[in-house]
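A.B. asks: File name target-v6.cif; file contents mmCIF, C-alpha atoms and all ligand atoms; full text below.
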data_entry
#
loop_
_atom_site.label_atom_id
_atom_site.label_comp_id
_atom_site.auth_asym_id
_atom_site.auth_seq_id
_atom_site.Cartn_x
_atom_site.Cartn_y
_atom_site.Cartn_z
CA MET S 59 10.75 44.45 72.42
CA ASN S 60 13.30 47.07 71.57
CA TYR S 61 11.19 49.75 69.84
CA HIS S 62 10.25 53.39 70.37
CA VAL S 63 7.30 55.27 68.88
CA VAL S 64 8.09 58.97 68.86
CA ASN S 65 5.49 60.72 71.00
CA HIS S 66 5.16 64.23 69.58
CA PRO S 67 2.31 66.22 68.04
CA LEU S 68 4.48 67.34 65.09
CA VAL S 69 5.07 63.67 64.32
CA ARG S 70 1.39 62.70 64.63
CA VAL S 71 0.16 65.46 62.34
CA ARG S 72 2.70 64.51 59.68
CA VAL S 73 1.78 60.82 59.92
CA SER S 74 -1.84 61.88 59.32
CA VAL S 75 -0.83 63.85 56.21
CA LEU S 76 1.05 60.83 54.84
CA ARG S 77 -1.83 58.47 55.59
CA ASP S 78 -4.41 60.69 53.84
CA ARG S 79 -5.23 59.25 50.40
CA ASN S 80 -5.86 62.82 49.15
CA THR S 81 -2.30 63.98 49.89
CA GLY S 82 -0.63 64.66 46.53
CA LEU S 83 2.92 63.97 45.41
CA GLU S 84 4.52 67.26 46.42
CA LEU S 85 3.06 67.36 49.92
CA PHE S 86 3.71 63.64 50.44
CA ARG S 87 7.39 64.08 49.55
CA ARG S 88 7.87 67.13 51.71
CA THR S 89 6.07 65.57 54.67
CA LEU S 90 7.95 62.27 54.44
CA ARG S 91 11.20 64.18 54.56
CA GLU S 92 10.15 66.35 57.50
CA LEU S 93 8.92 63.31 59.40
CA SER S 94 12.12 61.39 58.67
CA ALA S 95 14.21 64.17 60.20
CA LEU S 96 11.97 64.32 63.29
CA VAL S 97 12.15 60.56 63.90
CA ALA S 98 15.91 60.50 63.24
CA TYR S 99 16.39 63.34 65.70
CA GLU S 100 14.78 61.20 68.42
CA ALA S 101 16.65 58.09 67.32
CA LEU S 102 19.97 59.89 67.75
CA ARG S 103 19.31 61.22 71.23
CA ASP S 104 21.95 58.96 72.82
CA LEU S 105 24.69 59.29 70.15
CA GLY S 106 28.13 59.26 71.71
CA GLU S 107 29.86 62.64 71.98
CA SER S 108 33.42 63.53 72.94
CA PRO S 109 34.30 66.73 74.71
CA GLN S 110 36.20 69.31 72.70
CA THR S 111 37.41 72.73 73.69
CA ILE S 112 36.10 75.42 71.37
CA GLU S 113 37.56 78.88 70.85
CA THR S 114 34.76 81.39 70.36
CA PRO S 115 35.78 84.85 69.10
CA LEU S 116 35.89 85.84 72.80
CA ALA S 117 36.99 82.87 74.92
CA SER S 118 37.51 79.12 75.26
CA CYS S 119 34.53 77.01 76.22
CA PRO S 120 33.59 73.35 76.42
CA GLY S 121 32.07 71.88 73.26
CA ALA S 122 31.37 68.46 71.76
CA VAL S 123 31.99 66.41 68.63
CA LEU S 124 30.34 63.15 67.62
CA GLN S 125 32.37 60.14 68.70
CA ARG S 126 31.79 57.98 65.66
CA LYS S 127 31.35 58.16 61.96
CA ILE S 128 27.70 57.92 60.87
CA ILE S 129 26.54 55.84 57.92
CA ILE S 130 23.01 56.17 56.60
CA MET S 131 21.84 53.01 54.82
CA PRO S 132 18.59 53.44 52.92
CA ILE S 133 16.82 50.27 51.89
CA LEU S 134 15.96 50.96 48.23
CA ARG S 135 13.83 52.31 46.95
CA ALA S 136 11.55 53.98 49.47
CA GLY S 137 14.40 54.55 51.92
CA LEU S 138 16.07 57.03 49.55
CA GLY S 139 13.77 59.93 50.44
CA MET S 140 14.42 59.28 54.11
CA ALA S 141 18.21 59.18 53.57
CA ASP S 142 18.20 62.63 51.97
CA ALA S 143 16.17 64.04 54.84
CA VAL S 144 18.33 62.42 57.54
CA SER S 145 21.48 63.68 55.83
CA GLU S 146 20.13 67.23 56.17
CA ILE S 147 20.56 66.94 59.95
CA LEU S 148 23.74 64.83 59.61
CA PRO S 149 25.59 66.44 56.70
CA GLU S 150 28.81 64.66 57.70
CA ALA S 151 27.22 61.20 57.34
CA ALA S 152 28.23 58.85 54.54
CA ILE S 153 25.40 57.20 52.63
CA GLY S 154 25.49 53.58 51.51
CA HIS S 155 22.76 51.72 49.63
CA ILE S 156 21.14 48.34 50.01
CA GLY S 157 18.62 47.18 47.45
CA MET S 158 16.07 44.68 48.64
CA CYS S 159 13.02 43.72 46.65
CA ARG S 160 10.33 41.44 47.87
CA ASN S 161 8.80 38.57 46.03
CA GLU S 162 5.11 39.53 45.99
CA GLN S 163 4.05 35.87 46.31
CA THR S 164 6.32 34.72 49.13
CA LEU S 165 6.93 38.22 50.57
CA LEU S 166 10.57 37.10 51.04
CA PRO S 167 13.38 39.60 50.39
CA HIS S 168 16.04 39.41 47.69
CA GLU S 169 19.19 41.59 47.84
CA TYR S 170 20.06 43.09 44.45
CA LEU S 171 22.53 45.82 45.40
CA LEU S 172 24.98 46.64 48.20
CA ARG S 173 27.28 49.67 48.33
CA LEU S 174 28.98 50.24 51.67
CA PRO S 175 31.07 53.24 52.68
CA PRO S 176 34.34 52.30 54.41
CA GLY S 177 34.47 52.00 58.21
CA VAL S 178 31.16 50.21 58.68
CA GLY S 179 32.59 48.24 61.62
CA GLU S 180 33.27 51.34 63.73
CA ALA S 181 30.38 53.51 62.53
CA GLU S 182 26.89 54.15 63.84
CA VAL S 183 24.80 52.68 61.05
CA LEU S 184 21.29 54.05 60.54
CA VAL S 185 19.17 51.75 58.42
CA VAL S 186 16.25 53.74 57.02
CA ASP S 187 13.07 52.45 55.41
CA PRO S 188 9.69 54.18 55.75
CA MET S 189 7.60 51.00 56.17
CA LEU S 190 8.32 48.16 58.59
CA ALA S 191 5.81 45.60 57.32
CA THR S 192 6.72 41.90 57.64
CA GLY S 193 10.20 42.93 58.79
CA ASN S 194 11.73 40.48 56.31
CA SER S 195 13.58 43.05 54.18
CA ALA S 196 14.83 45.02 57.16
CA SER S 197 15.92 41.83 58.91
CA ALA S 198 17.79 40.63 55.80
CA ALA S 199 19.44 44.07 55.43
CA LEU S 200 20.53 43.97 59.09
CA ASP S 201 21.90 40.43 58.62
CA ARG S 202 23.89 41.61 55.61
CA LEU S 203 25.26 44.67 57.42
CA LYS S 204 26.30 42.59 60.42
CA LYS S 205 28.04 40.17 58.05
CA ALA S 206 29.92 43.19 56.67
CA GLY S 207 31.06 44.02 60.20
CA ALA S 208 28.48 46.53 61.48
CA THR S 209 28.01 46.35 65.24
CA ARG S 210 26.18 49.60 66.03
CA LEU S 211 22.89 49.55 64.16
CA ARG S 212 19.63 51.45 64.50
CA LEU S 213 16.53 50.90 62.39
CA ILE S 214 14.60 54.09 61.63
CA CYS S 215 11.17 53.70 60.02
CA LEU S 216 8.03 55.82 59.81
CA VAL S 217 5.11 53.40 59.99
CA GLY S 218 5.56 49.94 61.45
CA CYS S 219 3.30 47.10 62.39
CA GLU S 220 3.41 44.64 65.23
CA ASP S 221 4.52 41.68 63.08
CA GLY S 222 7.50 43.64 61.77
CA VAL S 223 8.54 44.85 65.19
CA ARG S 224 8.28 41.30 66.54
CA GLN S 225 10.36 39.91 63.67
CA ILE S 226 13.18 42.46 64.12
CA SER S 227 13.11 42.11 67.89
CA ARG S 228 13.40 38.33 67.57
CA CYS S 229 16.17 38.26 64.93
CA HIS S 230 18.02 41.43 65.98
CA PRO S 231 17.35 42.13 69.67
CA ASP S 232 20.43 44.39 69.71
CA VAL S 233 18.97 46.80 67.11
CA PRO S 234 16.63 49.48 68.44
CA ILE S 235 13.69 50.37 66.19
CA PHE S 236 12.37 53.93 65.94
CA LEU S 237 8.92 54.65 64.49
CA ALA S 238 6.51 57.53 63.98
CA ALA S 239 3.49 55.19 64.24
CA LEU S 240 2.77 51.55 65.04
CA ASP S 241 -0.20 49.95 63.26
CA PRO S 242 -1.96 46.75 64.28
CA SER S 243 -1.81 44.47 61.26
CA LEU S 244 -0.81 43.51 57.73
CA ASN S 245 -3.23 42.61 54.95
CA GLU S 246 -2.88 39.50 52.78
CA HIS S 247 -0.64 41.41 50.33
CA GLY S 248 1.81 42.40 53.06
CA TYR S 249 0.60 46.03 53.31
CA ILE S 250 0.38 47.69 56.68
CA MET S 251 -3.20 48.39 57.81
CA PRO S 252 -4.28 51.17 57.95
CA GLY S 253 -0.76 52.24 56.88
CA LEU S 254 -0.37 54.75 54.08
CA GLY S 255 -0.29 52.57 50.98
CA ASP S 256 2.88 51.98 48.99
CA ALA S 257 5.40 54.51 50.31
CA GLY S 258 7.72 54.22 47.28
CA ASP S 259 4.89 54.67 44.78
CA ARG S 260 3.49 57.63 46.64
CA TYR S 261 6.95 59.25 47.08
CA TYR S 262 7.96 58.80 43.45
CA GLY S 263 4.53 59.16 41.85
CA THR S 264 4.68 55.72 40.22
N1 LIG P 301 5.67 48.73 51.85
C1 LIG P 301 4.90 49.82 51.67
O1 LIG P 301 5.26 50.74 50.95
N2 LIG P 301 3.71 49.88 52.32
C2 LIG P 301 3.29 48.90 53.11
O2 LIG P 301 2.20 49.02 53.69
C3 LIG P 301 4.11 47.77 53.29
C4 LIG P 301 5.30 47.70 52.65
#
What does the file become when written as structure tokens?
C.D. replies:
Amino acid sequence: MNYHVVNHPLVRVRVSVLRDRNTGLELFRRTLRELSALVAYEALRDLGESPQTIETPLASCPGAVLQRKIIIMPILRAGLGMADAVSEILPEAAIGHIGMCRNEQTLLPHEYLLRLPPGVGEAEVLVVDPMLATGNSASAALDRLKKAGATRLRLICLVGCEDGVRQISRCHPDVPIFLAALDPSLNEHGYIMPGLGDAGDRYYGT
């Protein structure tokens, strides 16, 4: 399976803060953003670069520029906080939006919004969603983005579970998954166990 759990103490302590039921709104928001940037940093380790000669105030030297345009695609709503954080380390990235809600009975996803920046076919597309639970929403979002022409996709999440990783790996073996933590199971309501609860509710205070 094509997934990577970031192995770093700064990641583990932030996952613990997010998991803690006593973590309040302000700390939850700040920590989710910090963690998103740390996971994205790892997920972008192999981004293509092109050489470019740079003139410093004193001399020429070899430098680098990113090869491709970057598009950040948050899955609404919980992905929005991650998109802001990832754009802090990629200020040149365009940000699209895909709205997926899940039917709480069937747990199946329904797309209610799609806004794509131009150039999706040539860009590195980073799909961001804090929770990879059943994998149904992320898989549907990846299907939709591929239909729109995306060929270079990465899925960046914070907490995943084995079912979700299996689902994405089966339907989208070409899309690497990056996680801060991998949990063992889902409960009967589709929540990751032990997880951190509802990421959107905790991020927005709803
Ligand atoms: N979405 C969440 O916010 N939390 C879960 O555990 C699963 C899906």
A.B. asks: Pick out the residues no farther than 7 Å from ligand LIG 301 (chain P), counting all atoms listed in the file, and list them as a list in words.
C.D. replies: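 Using all atoms listed in the file, I find these residues within 7 Å of ligand LIG 301 (chain P): Met189, Leu190, Ala191, Gly248, Tyr249, Ile250, Met251, Gly253, Leu254, Gly255, Asp256, Ala257 and Gly258 of chain S.
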A.B. asks: Kindly provide, as a PyMOL selection string, the polymer residues lying within 12 Å of (29.1, 59.7, 68.0), counting only C-alpha atoms and using the coordinates exactly as they appear in the file.
C.D. replies: chain S and resi 102-109+122-129+148+150-151+180-183+210
A.B. asks: I'd like the interatomic distance between CA of Tyr262 (chain S) and CA of Arg173 (chain S), to a tenth of an Å.
C.D. replies: 21.9 Å
A.B. asks: For Glu84 (chain S), please output as number ranges by chain all residues within 10 Å (counting only C-alpha atoms; exclusion window: fewer than 4 positions along the same chain).
C.D. replies: S: 88-89, 260-263
A.B. asks: Please, which residues are within 12 Å of (11.9, 43.1, 57.7) by the file's coordinates, counting all atoms listed in the file, and could they come as a PyMOL selection string?
C.D. replies: chain S and resi 133+158-160+165-168+185-201+213-215+218-230+235+248
A.B. asks: What does the structure give for the distance between CA of Ala238 (chain S) and CA of Arg70 (chain S), in Å to one decimal?
C.D. replies: 7.3 Å
